[in-house]
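Dumped protein-v5.json below, it's JSON, C-alpha atoms and all ligand atoms:
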```json
[["chain", "number", "residue", "atom", "x", "y", "z"],
["A", 8, "MET", "CA", 17.00, 38.24, 16.84],
["A", 9, "GLU", "CA", 13.61, 39.82, 17.56],
["A", 10, "ALA", "CA", 13.01, 43.48, 16.81],
["A", 11, "ALA", "CA", 11.50, 44.12, 20.25],
["A", 12, "PRO", "CA", 13.88, 44.02, 23.23],
["A", 13, "PRO", "CA", 13.51, 41.02, 25.57],
["A", 14, "LEU", "CA", 12.02, 41.44, 29.07],
["A", 15, "PHE", "CA", 15.37, 40.19, 30.36],
["A", 16, "SER", "CA", 18.27, 38.01, 29.30],
["A", 17, "PHE", "CA", 20.81, 35.78, 31.02],
["A", 18, "GLY", "CA", 23.89, 33.71, 30.31],
["A", 19, "VAL", "CA", 24.08, 29.94, 30.87],
["A", 20, "VAL", "CA", 27.12, 27.69, 31.25],
["A", 21, "ALA", "CA", 27.55, 24.19, 32.70],
["A", 22, "ASP", "CA", 30.23, 21.79, 33.89],
["A", 23, "VAL", "CA", 33.38, 23.87, 33.53],
["A", 24, "GLN", "CA", 35.17, 21.31, 35.76],
["A", 25, "TYR", "CA", 38.37, 23.31, 35.71],
["A", 26, "ALA", "CA", 41.63, 21.81, 36.99],
["A", 27, "ASP", "CA", 45.21, 22.83, 36.27],
["A", 28, "ALA", "CA", 45.81, 19.34, 34.85],
["A", 29, "GLU", "CA", 46.62, 17.60, 31.58],
["A", 30, "ASP", "CA", 43.70, 16.44, 29.44],
["A", 31, "GLY", "CA", 42.05, 13.21, 30.53],
["A", 32, "TYR", "CA", 39.09, 11.02, 29.64],
["A", 33, "ASP", "CA", 35.69, 10.29, 31.17],
["A", 34, "PHE", "CA", 34.93, 6.96, 32.92],
["A", 35, "SER", "CA", 34.12, 5.28, 29.57],
["A", 36, "GLY", "CA", 37.49, 6.33, 28.15],
["A", 37, "CYS", "CA", 35.78, 7.86, 25.10],
["A", 38, "GLN", "CA", 35.19, 11.51, 25.90],
["A", 39, "ARG", "CA", 38.24, 13.72, 26.18],
["A", 40, "ARG", "CA", 38.26, 16.20, 29.08],
["A", 41, "TYR", "CA", 40.07, 19.49, 28.62],
["A", 42, "TYR", "CA", 40.72, 20.38, 32.27],
["A", 43, "ARG", "CA", 43.06, 23.32, 31.75],
["A", 44, "GLN", "CA", 41.42, 24.74, 28.59],
["A", 45, "SER", "CA", 38.00, 24.86, 30.25],
["A", 46, "LEU", "CA", 39.04, 28.07, 32.00],
["A", 47, "THR", "CA", 39.84, 29.67, 28.61],
["A", 48, "LEU", "CA", 36.41, 28.66, 27.35],
["A", 49, "LEU", "CA", 34.81, 30.20, 30.44],
["A", 50, "ARG", "CA", 36.80, 33.37, 29.78],
["A", 51, "ASN", "CA", 35.46, 33.40, 26.18],
["A", 52, "ALA", "CA", 31.92, 33.12, 27.53],
["A", 53, "VAL", "CA", 32.44, 35.97, 29.99],
["A", 54, "GLU", "CA", 33.89, 38.20, 27.27],
["A", 55, "ALA", "CA", 30.86, 37.57, 25.04],
["A", 56, "TRP", "CA", 28.44, 38.22, 27.92],
["A", 57, "VAL", "CA", 30.18, 41.45, 28.93],
["A", 58, "ALA", "CA", 29.77, 42.72, 25.32],
["A", 59, "GLU", "CA", 25.98, 42.03, 25.26],
["A", 60, "ARG", "CA", 23.77, 45.07, 24.59],
["A", 61, "PRO", "CA", 21.43, 45.60, 26.32],
["A", 62, "PRO", "CA", 23.38, 44.11, 29.23],
["A", 63, "LEU", "CA", 22.42, 40.73, 30.67],
["A", 64, "ASN", "CA", 20.49, 40.59, 33.94],
["A", 65, "PHE", "CA", 22.45, 37.67, 35.39],
["A", 66, "VAL", "CA", 24.44, 34.53, 34.59],
["A", 67, "LEU", "CA", 23.53, 31.00, 35.61],
["A", 68, "GLN", "CA", 26.43, 28.65, 36.37],
["A", 69, "LEU", "CA", 24.77, 25.24, 36.33],
["A", 70, "GLY", "CA", 27.25, 23.45, 38.61],
["A", 71, "ASP", "CA", 30.51, 21.45, 38.55],
["A", 72, "SER", "CA", 32.60, 24.60, 38.20],
["A", 73, "ILE", "CA", 35.82, 22.83, 39.26],
["A", 74, "ASP", "CA", 36.74, 19.16, 38.87],
["A", 75, "GLY", "CA", 37.00, 16.58, 41.63],
["A", 76, "LEU", "CA", 40.64, 16.08, 40.55],
["A", 77, "ASN", "CA", 41.51, 19.23, 42.49],
["A", 78, "ALA", "CA", 40.62, 17.61, 45.80],
["A", 79, "ARG", "CA", 43.12, 14.78, 45.28],
["A", 80, "ARG", "CA", 45.81, 17.30, 44.31],
["A", 81, "GLY", "CA", 45.11, 19.66, 47.22],
["A", 82, "GLU", "CA", 44.22, 22.41, 44.74],
["A", 83, "SER", "CA", 40.52, 22.95, 45.47],
["A", 84, "GLU", "CA", 40.82, 26.49, 46.84],
["A", 85, "GLY", "CA", 43.21, 27.70, 44.12],
["A", 86, "ALA", "CA", 41.08, 26.25, 41.32],
["A", 87, "LEU", "CA", 37.89, 27.81, 42.69],
["A", 88, "ALA", "CA", 39.65, 31.17, 43.10],
["A", 89, "ARG", "CA", 40.68, 31.09, 39.43],
["A", 90, "VAL", "CA", 37.15, 30.30, 38.24],
["A", 91, "LEU", "CA", 35.63, 33.00, 40.44],
["A", 92, "ALA", "CA", 38.21, 35.54, 39.26],
["A", 93, "VAL", "CA", 37.09, 34.95, 35.65],
["A", 94, "LEU", "CA", 33.41, 35.29, 36.61],
["A", 95, "ARG", "CA", 34.10, 38.42, 38.66],
["A", 96, "ARG", "CA", 34.67, 40.35, 35.42],
["A", 97, "LEU", "CA", 30.90, 40.18, 34.89],
["A", 98, "PRO", "CA", 29.07, 43.31, 36.03],
["A", 99, "VAL", "CA", 25.97, 41.22, 36.87],
["A", 100, "PRO", "CA", 25.14, 38.62, 39.55],
["A", 101, "VAL", "CA", 26.13, 34.99, 38.93],
["A", 102, "HIS", "CA", 23.81, 32.34, 40.34],
["A", 103, "HIS", "CA", 25.57, 29.07, 41.09],
["A", 104, "ALA", "CA", 23.97, 25.63, 41.21],
["A", 105, "TRP", "CA", 25.98, 23.16, 43.31],
["A", 106, "GLY", "CA", 26.98, 19.93, 41.57],
["A", 107, "ASN", "CA", 28.69, 16.72, 42.62],
["A", 108, "HIS", "CA", 32.11, 18.14, 41.72],
["A", 109, "GLU", "CA", 31.71, 21.12, 44.07],
["A", 110, "LEU", "CA", 30.91, 18.54, 46.77],
["A", 111, "TYR", "CA", 33.94, 16.36, 45.91],
["A", 112, "ASN", "CA", 36.05, 19.43, 46.69],
["A", 113, "PHE", "CA", 34.24, 21.13, 49.57],
["A", 114, "SER", "CA", 31.97, 20.47, 52.50],
["A", 115, "ARG", "CA", 28.57, 22.16, 52.40],
["A", 116, "ALA", "CA", 29.69, 24.47, 55.20],
["A", 117, "ARG", "CA", 32.70, 25.58, 53.14],
["A", 118, "LEU", "CA", 30.52, 26.10, 50.03],
["A", 119, "ALA", "CA", 28.05, 28.17, 52.03],
["A", 120, "ALA", "CA", 30.93, 30.49, 52.99],
["A", 121, "SER", "CA", 32.44, 30.58, 49.47],
["A", 122, "GLY", "CA", 31.86, 32.64, 46.34],
["A", 123, "LEU", "CA", 29.55, 29.85, 45.15],
["A", 124, "SER", "CA", 27.00, 30.81, 47.79],
["A", 125, "SER", "CA", 24.88, 32.99, 45.53],
["A", 126, "ARG", "CA", 21.65, 33.56, 47.43],
["A", 127, "PRO", "CA", 20.91, 37.28, 47.01],
["A", 128, "ALA", "CA", 20.62, 39.28, 50.23],
["A", 129, "GLY", "CA", 17.01, 40.18, 49.42],
["A", 130, "ALA", "CA", 15.99, 36.73, 48.17],
["A", 131, "ALA", "CA", 13.04, 34.97, 49.70],
["A", 132, "ALA", "CA", 13.94, 32.36, 52.28],
["A", 133, "GLY", "CA", 14.79, 28.85, 51.16],
["A", 134, "PRO", "CA", 13.36, 25.60, 52.48],
["A", 135, "PRO", "CA", 12.90, 25.23, 56.24],
["A", 136, "ALA", "CA", 15.73, 22.69, 56.49],
["A", 137, "GLY", "CA", 18.05, 25.69, 56.09],
["A", 138, "ALA", "CA", 21.15, 23.80, 55.01],
["A", 139, "CYS", "CA", 19.81, 23.65, 51.48],
["A", 140, "HIS", "CA", 21.20, 25.84, 48.65],
["A", 141, "ALA", "CA", 17.79, 26.74, 47.19],
["A", 142, "TYR", "CA", 16.13, 30.12, 46.66],
["A", 143, "HIS", "CA", 14.08, 32.13, 44.22],
["A", 144, "PHE", "CA", 14.05, 35.62, 42.78],
["A", 145, "SER", "CA", 12.21, 37.65, 40.17],
["A", 146, "PRO", "CA", 14.49, 39.08, 37.46],
["A", 147, "ALA", "CA", 11.56, 40.93, 35.80],
["A", 148, "LEU", "CA", 7.79, 40.68, 36.17],
["A", 149, "PRO", "CA", 6.01, 38.35, 35.61],
["A", 150, "PHE", "CA", 8.97, 35.94, 35.73],
["A", 151, "ARG", "CA", 10.54, 34.06, 38.62],
["A", 152, "VAL", "CA", 13.65, 31.88, 38.76],
["A", 153, "VAL", "CA", 13.80, 29.01, 41.27],
["A", 154, "LEU", "CA", 17.19, 27.47, 41.97],
["A", 155, "LEU", "CA", 16.97, 23.96, 43.45],
["A", 156, "ASP", "CA", 19.58, 21.99, 45.40],
["A", 157, "ALA", "CA", 19.86, 18.59, 43.68],
["A", 158, "TYR", "CA", 22.25, 17.26, 46.38],
["A", 159, "GLU", "CA", 20.19, 17.97, 49.49],
["A", 160, "LEU", "CA", 19.97, 14.17, 49.67],
["A", 161, "SER", "CA", 23.53, 12.97, 49.12],
["A", 162, "THR", "CA", 26.50, 11.57, 50.95],
["A", 163, "LEU", "CA", 28.72, 14.09, 49.13],
["A", 164, "GLY", "CA", 29.85, 17.10, 51.13],
["A", 165, "ARG", "CA", 28.24, 15.83, 54.35],
["A", 166, "GLU", "CA", 29.85, 14.65, 57.58],
["A", 167, "PRO", "CA", 29.62, 10.82, 57.79],
["A", 168, "ASP", "CA", 28.16, 11.07, 61.30],
["A", 169, "SER", "CA", 25.38, 13.48, 60.29],
["A", 170, "PRO", "CA", 21.76, 12.24, 60.12],
["A", 171, "ARG", "CA", 21.37, 13.44, 56.50],
["A", 172, "TYR", "CA", 24.49, 11.48, 55.43],
["A", 173, "ARG", "CA", 23.17, 8.31, 57.06],
["A", 174, "GLN", "CA", 19.68, 8.79, 55.58],
["A", 175, "SER", "CA", 21.16, 9.36, 52.10],
["A", 176, "LEU", "CA", 23.47, 6.34, 52.31],
["A", 177, "ARG", "CA", 20.61, 4.14, 53.52],
["A", 178, "LEU", "CA", 18.44, 5.21, 50.57],
["A", 179, "LEU", "CA", 21.30, 4.74, 48.10],
["A", 180, "ARG", "CA", 22.14, 1.24, 49.38],
["A", 181, "GLU", "CA", 18.46, 0.27, 49.32],
["A", 182, "LYS", "CA", 18.27, 1.12, 45.61],
["A", 183, "ASN", "CA", 21.83, 0.23, 44.58],
["A", 184, "PRO", "CA", 23.34, -3.10, 45.72],
["A", 185, "ASN", "CA", 26.52, -2.63, 43.64],
["A", 186, "ASP", "CA", 29.90, -2.53, 45.41],
["A", 187, "ASN", "CA", 30.67, 0.58, 43.42],
["A", 188, "LEU", "CA", 27.89, 3.01, 44.29],
["A", 189, "ASN", "CA", 28.74, 5.02, 41.17],
["A", 190, "SER", "CA", 27.75, 2.05, 38.98],
["A", 191, "PRO", "CA", 24.17, 1.88, 37.61],
["A", 192, "ALA", "CA", 24.70, -1.72, 36.38],
["A", 193, "GLY", "CA", 21.56, -3.82, 36.77],
["A", 194, "LEU", "CA", 19.54, -1.14, 38.59],
["A", 195, "GLN", "CA", 15.77, -0.84, 38.15],
["A", 196, "GLU", "CA", 16.11, 2.88, 38.86],
["A", 197, "PRO", "CA", 19.50, 3.64, 37.31],
["A", 198, "GLN", "CA", 19.58, 7.22, 38.65],
["A", 199, "PHE", "CA", 20.42, 5.84, 42.10],
["A", 200, "VAL", "CA", 24.19, 6.30, 41.88],
["A", 201, "GLU", "CA", 26.38, 8.32, 44.18],
["A", 202, "PHE", "CA", 27.26, 10.97, 41.58],
["A", 203, "ASN", "CA", 23.57, 11.94, 41.46],
["A", 204, "GLY", "CA", 21.58, 13.19, 44.45],
["A", 205, "GLY", "CA", 18.05, 14.11, 45.47],
["A", 206, "PHE", "CA", 15.95, 17.12, 46.44],
["A", 207, "GLY", "CA", 14.28, 15.52, 49.46],
["A", 208, "GLN", "CA", 10.71, 15.97, 50.68],
["A", 209, "ALA", "CA", 11.26, 19.17, 52.69],
["A", 210, "GLN", "CA", 12.71, 20.99, 49.69],
["A", 211, "LEU", "CA", 9.97, 19.71, 47.37],
["A", 212, "ASP", "CA", 7.27, 20.85, 49.84],
["A", 213, "TRP", "CA", 8.86, 24.31, 49.84],
["A", 214, "PHE", "CA", 9.09, 24.21, 46.02],
["A", 215, "ASN", "CA", 5.39, 23.36, 45.87],
["A", 216, "GLU", "CA", 4.53, 26.41, 48.03],
["A", 217, "VAL", "CA", 6.68, 28.69, 45.85],
["A", 218, "LEU", "CA", 4.91, 27.48, 42.70],
["A", 219, "LYS", "CA", 1.49, 27.84, 44.36],
["A", 220, "LEU", "CA", 2.21, 31.51, 44.99],
["A", 221, "SER", "CA", 3.52, 31.95, 41.45],
["A", 222, "ASP", "CA", 0.29, 30.41, 40.09],
["A", 223, "GLU", "CA", -1.74, 32.86, 42.15],
["A", 224, "ASN", "CA", 0.33, 35.78, 40.87],
["A", 225, "GLN", "CA", 0.18, 34.50, 37.28],
["A", 226, "GLU", "CA", 3.95, 34.33, 37.04],
["A", 227, "LYS", "CA", 6.06, 32.28, 34.66],
["A", 228, "VAL", "CA", 8.73, 30.23, 36.38],
["A", 229, "ILE", "CA", 12.14, 29.07, 35.18],
["A", 230, "VAL", "CA", 13.45, 26.26, 37.39],
["A", 231, "THR", "CA", 17.10, 25.26, 37.53],
["A", 232, "GLY", "CA", 19.41, 22.84, 39.29],
["A", 233, "HIS", "CA", 22.49, 20.75, 38.49],
["A", 234, "LEU", "CA", 20.67, 17.48, 37.69],
["A", 235, "PRO", "CA", 18.16, 16.91, 34.86],
["A", 236, "ILE", "CA", 14.71, 15.75, 35.98],
["A", 237, "HIS", "CA", 13.27, 14.41, 32.72],
["A", 238, "PRO", "CA", 14.51, 11.10, 31.23],
["A", 239, "ASP", "CA", 14.11, 12.45, 27.69],
["A", 240, "ALA", "CA", 16.52, 15.31, 28.46],
["A", 241, "SER", "CA", 19.00, 12.82, 29.92],
["A", 242, "ASP", "CA", 20.68, 9.47, 29.25],
["A", 243, "GLY", "CA", 18.45, 7.68, 31.79],
["A", 244, "VAL", "CA", 21.19, 7.65, 34.46],
["A", 245, "SER", "CA", 22.02, 11.33, 34.94],
["A", 246, "LEU", "CA", 18.81, 12.26, 36.77],
["A", 247, "ALA", "CA", 17.93, 13.40, 40.27],
["A", 248, "TRP", "CA", 17.11, 10.44, 42.52],
["A", 249, "ASP", "CA", 13.57, 11.79, 43.14],
["A", 250, "TYR", "CA", 13.09, 13.32, 39.70],
["A", 251, "GLN", "CA", 9.57, 11.91, 39.42],
["A", 252, "ASP", "CA", 8.52, 13.73, 42.59],
["A", 253, "ALA", "CA", 10.00, 16.99, 41.31],
["A", 254, "LEU", "CA", 8.16, 16.54, 37.98],
["A", 255, "SER", "CA", 4.89, 15.84, 39.84],
["A", 256, "VAL", "CA", 5.26, 19.09, 41.80],
["A", 257, "MET", "CA", 5.86, 21.08, 38.60],
["A", 258, "HIS", "CA", 3.00, 19.36, 36.77],
["A", 259, "SER", "CA", 0.54, 20.19, 39.54],
["A", 260, "HIS", "CA", 0.99, 23.91, 38.72],
["A", 261, "GLN", "CA", 0.50, 26.08, 35.63],
["A", 262, "CYS", "CA", 3.43, 28.44, 36.07],
["A", 263, "VAL", "CA", 6.58, 26.46, 35.15],
["A", 264, "VAL", "CA", 7.85, 27.06, 31.61],
["A", 265, "CYS", "CA", 11.35, 25.62, 31.65],
["A", 266, "PHE", "CA", 13.84, 23.47, 33.59],
["A", 267, "LEU", "CA", 17.56, 24.12, 33.03],
["A", 268, "ALA", "CA", 20.22, 21.60, 34.07],
["A", 269, "GLY", "CA", 23.81, 20.54, 33.48],
["A", 270, "HIS", "CA", 25.68, 17.36, 34.62],
["A", 271, "LEU", "CA", 25.16, 15.38, 31.39],
["A", 272, "HIS", "CA", 28.02, 16.68, 29.26],
["A", 273, "LEU", "CA", 26.52, 15.73, 25.90],
["A", 274, "GLY", "CA", 23.42, 17.81, 26.66],
["A", 275, "GLY", "CA", 19.76, 17.09, 25.98],
["A", 276, "TYR", "CA", 16.36, 18.61, 25.36],
["A", 277, "CYS", "CA", 12.70, 17.67, 25.43],
["A", 278, "LEU", "CA", 9.30, 19.30, 25.62],
["A", 279, "ASP", "CA", 7.31, 17.35, 28.21],
["A", 280, "SER", "CA", 3.64, 16.35, 28.24],
["A", 281, "HIS", "CA", 2.75, 19.51, 30.23],
["A", 282, "GLY", "CA", 4.50, 21.91, 27.82],
["A", 283, "ILE", "CA", 7.60, 22.41, 29.99],
["A", 284, "HIS", "CA", 10.91, 22.75, 28.14],
["A", 285, "HIS", "CA", 13.73, 20.66, 29.66],
["A", 286, "LEU", "CA", 17.11, 21.91, 28.53],
["A", 287, "THR", "CA", 20.31, 20.14, 29.61],
["A", 288, "LEU", "CA", 23.29, 22.24, 28.63],
["A", 289, "GLU", "CA", 26.40, 20.76, 26.98],
["A", 290, "GLY", "CA", 29.39, 20.68, 29.35],
["A", 291, "VAL", "CA", 32.39, 22.97, 28.86],
["A", 292, "ILE", "CA", 34.80, 20.28, 30.10],
["A", 293, "GLU", "CA", 34.27, 18.02, 27.06],
["A", 294, "THR", "CA", 34.41, 20.87, 24.56],
["A", 295, "PRO", "CA", 37.57, 21.16, 22.41],
["A", 296, "PRO", "CA", 39.54, 24.39, 22.90],
["A", 297, "GLU", "CA", 38.72, 25.63, 19.39],
["A", 298, "SER", "CA", 34.98, 25.42, 20.10],
["A", 299, "ASN", "CA", 32.74, 26.79, 22.88],
["A", 300, "ALA", "CA", 29.83, 25.72, 25.08],
["A", 301, "PHE", "CA", 27.71, 28.49, 26.51],
["A", 302, "GLY", "CA", 24.59, 30.40, 25.64],
["A", 303, "THR", "CA", 22.52, 33.50, 26.17],
["A", 304, "ILE", "CA", 18.77, 33.21, 26.77],
["A", 305, "TYR", "CA", 16.51, 36.12, 25.78],
["A", 306, "VAL", "CA", 13.17, 35.98, 27.56],
["A", 307, "TYR", "CA", 9.97, 37.35, 26.05],
["A", 308, "LYS", "CA", 6.38, 37.25, 27.30],
["A", 309, "ASP", "CA", 5.61, 34.16, 25.20],
["A", 310, "LYS", "CA", 8.98, 32.49, 24.53],
["A", 311, "MET", "CA", 12.64, 32.08, 25.37],
["A", 312, "ILE", "CA", 15.24, 32.32, 22.62],
["A", 313, "LEU", "CA", 18.49, 30.50, 23.28],
["A", 314, "LYS", "CA", 21.44, 31.77, 21.28],
["A", 315, "GLY", "CA", 24.03, 29.03, 21.62],
["A", 316, "ARG", "CA", 27.75, 29.17, 20.98],
["A", 317, "GLY", "CA", 29.89, 26.28, 19.80],
["A", 318, "ARG", "CA", 28.32, 22.97, 20.85],
["A", 319, "VAL", "CA", 25.20, 24.67, 22.23],
["A", 320, "SER", "CA", 22.52, 24.96, 19.51],
["A", 321, "ASP", "CA", 20.15, 27.85, 18.98],
["A", 322, "ARG", "CA", 16.61, 27.09, 20.12],
["A", 323, "VAL", "CA", 13.27, 28.85, 20.38],
["A", 324, "MET", "CA", 11.15, 27.67, 23.32],
["A", 325, "HIS", "CA", 7.52, 28.84, 23.14],
["A", 326, "PHE", "CA", 5.36, 28.89, 26.27],
["B", 1, "ZN", "ZN", 27.70, 16.82, 37.74]]
```

Transcribe the structure of this file into structure tokens.
Amino acid sequence: MEAAPPLFSFGVVADVQYADAEDGYDFSGCQRRYYRQSLTLLRNAVEAWVAERPPLNFVLQLGDSIDGLNARRGESEGALARVLAVLRRLPVPVHHAWGNHELYNFSRARLAASGLSSRPAGAAAGPPAGACHAYHFSPALPFRVVLLDAYELSTLGREPDSPRYRQSLRLLREKNPNDNLNSPAGLQEPQFVEFNGGFGQAQLDWFNEVLKLSDENQEKVIVTGHLPIHPDASDGVSLAWDYQDALSVMHSHQCVVCFLAGHLHLGGYCLDSHGIHHLTLEGVIETPPESNAFGTIYVYKDKMILKGRGRVSDRVMHF
């Protein structure tokens, strides 16, 4: 650890996917999923964060806090309540990205009225579309955090008769002719599967304006959302539908230093051609009970230091 104190620090955790269910396996049948134990691992993370001195400024929950299993078992509300009760022990704000698993369990309207609706009262307004879970805030000058909604374009969590549902389904079918829309088999753009989603043009236009202002104010910006947006920090499938557009927006500005995502449980990292660090955090759900998967990020003027626990490695990210 550095001798000088950081400007601010925050906790990161991804893909808790809690369910009060026996262990299972992912779609490939290879990766074990510890549905019940994931809550214990989250509790371990919270305990470590509470003990941090100086205290953290906030925690970032990168999405998929409860598993889609809960919906089929009629346990969505109870599972979410248990996860939120663990997080409530933190004396600092928790910012929640919304992932596909939140949307398997809840409609967007329900999420907006739940404890996962984390837009601070004083936060600057989100995109004009309004229904989007995107906002930004400044934890300490000259830094800004932008939280993006990677499922603004998605069929998940939307009413089948809504225009956005129909638009998303049309786009998905255009790019993915498979019967199973969750299958990337044979696709030219394999990210076009139903378990991924997109930002959409309105949100990206808003994002562009936010970054323009940050450039003018010589800020450094940390961007986050559930889905990775760089192929080298992903497996080539787990990417936002319009990841190239999001990258173009970021690359047309000077201010972005880092993009934090979840969704891909094995994690990933790359430094892109414009010097932006892309960090995809390892998922709690596929972490054995004797290990851990969370981290604390200490932010300095010229770098971020990630102190990882368990499957999450330590990393120094220079700007
Ligand atoms: Zn996900």

inquiry  = as a PyMOL selection string, please: every protein or nucleic acid residue near ligand ZN 1 (chain B) (cut-off 9 Å, counting all atoms listed in the file).
reply    = chain A and resi 21-22+24+70-71+105-109+202-203+233-234+245+269-272

message = I'd like to know which of A:Ala300, A:Asn189, A:Pro149, A:Tyr276 is closest to Gln225 of chain A, using all atoms listed in the file.
response =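 Selected residue with least distance to Gln225 of chain A: A:Pro149.
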
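Closest to Pro61 of chain A among A:Leu313, A:Ser16, A:Leu76, A:Asp252 is A:Ser16, based on only C-alpha atoms.
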
request  = State, in Å with one decimal place, the distance from atom CA of Pro167 of chain A to atom CA of Ser114 of chain A.
outcome  = 11.3 Å

message = Just the number, please: distance in Å from atom CA of Lys182 of chain A to atom CA of Ala268 of chain A, one decimal.
response =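 Rounded to one decimal, the two atoms are 23.6 Å apart.
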
message = Using only C-alpha atoms, which protein or nucleic acid residues come within 12 Å of segment 115-121 of chain A? Drop anything in the same chain fewer than 2 positions from it, and give the result as a ChimeraX atom specification.
response = /A:83-84,87-88,91,103-113,123-126,137-141,156,158-159,161-166,172

request  = To one decimal in Å, tell me the separation between atom CA of Gln38 of chain A and atom CA of Gly274 of chain A.
outcome  =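 One can read the atom CA of Gln38 of chain A to atom CA of Gly274 of chain A distance as 13.4 Å.
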
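All residues of protein, DNA or RNA that reach within 12 Å of Asp321 of chain A, judged by all atoms listed in the file and not counting those fewer than 4 positions away in the chain, are Met8, Tyr276, Leu286, Leu288, Ala300, Phe301, Gly302, Thr303, Ile304, Tyr305, Met311, Ile312, Leu313, Lys314, Gly315, Arg316 and Gly317 of chain A.
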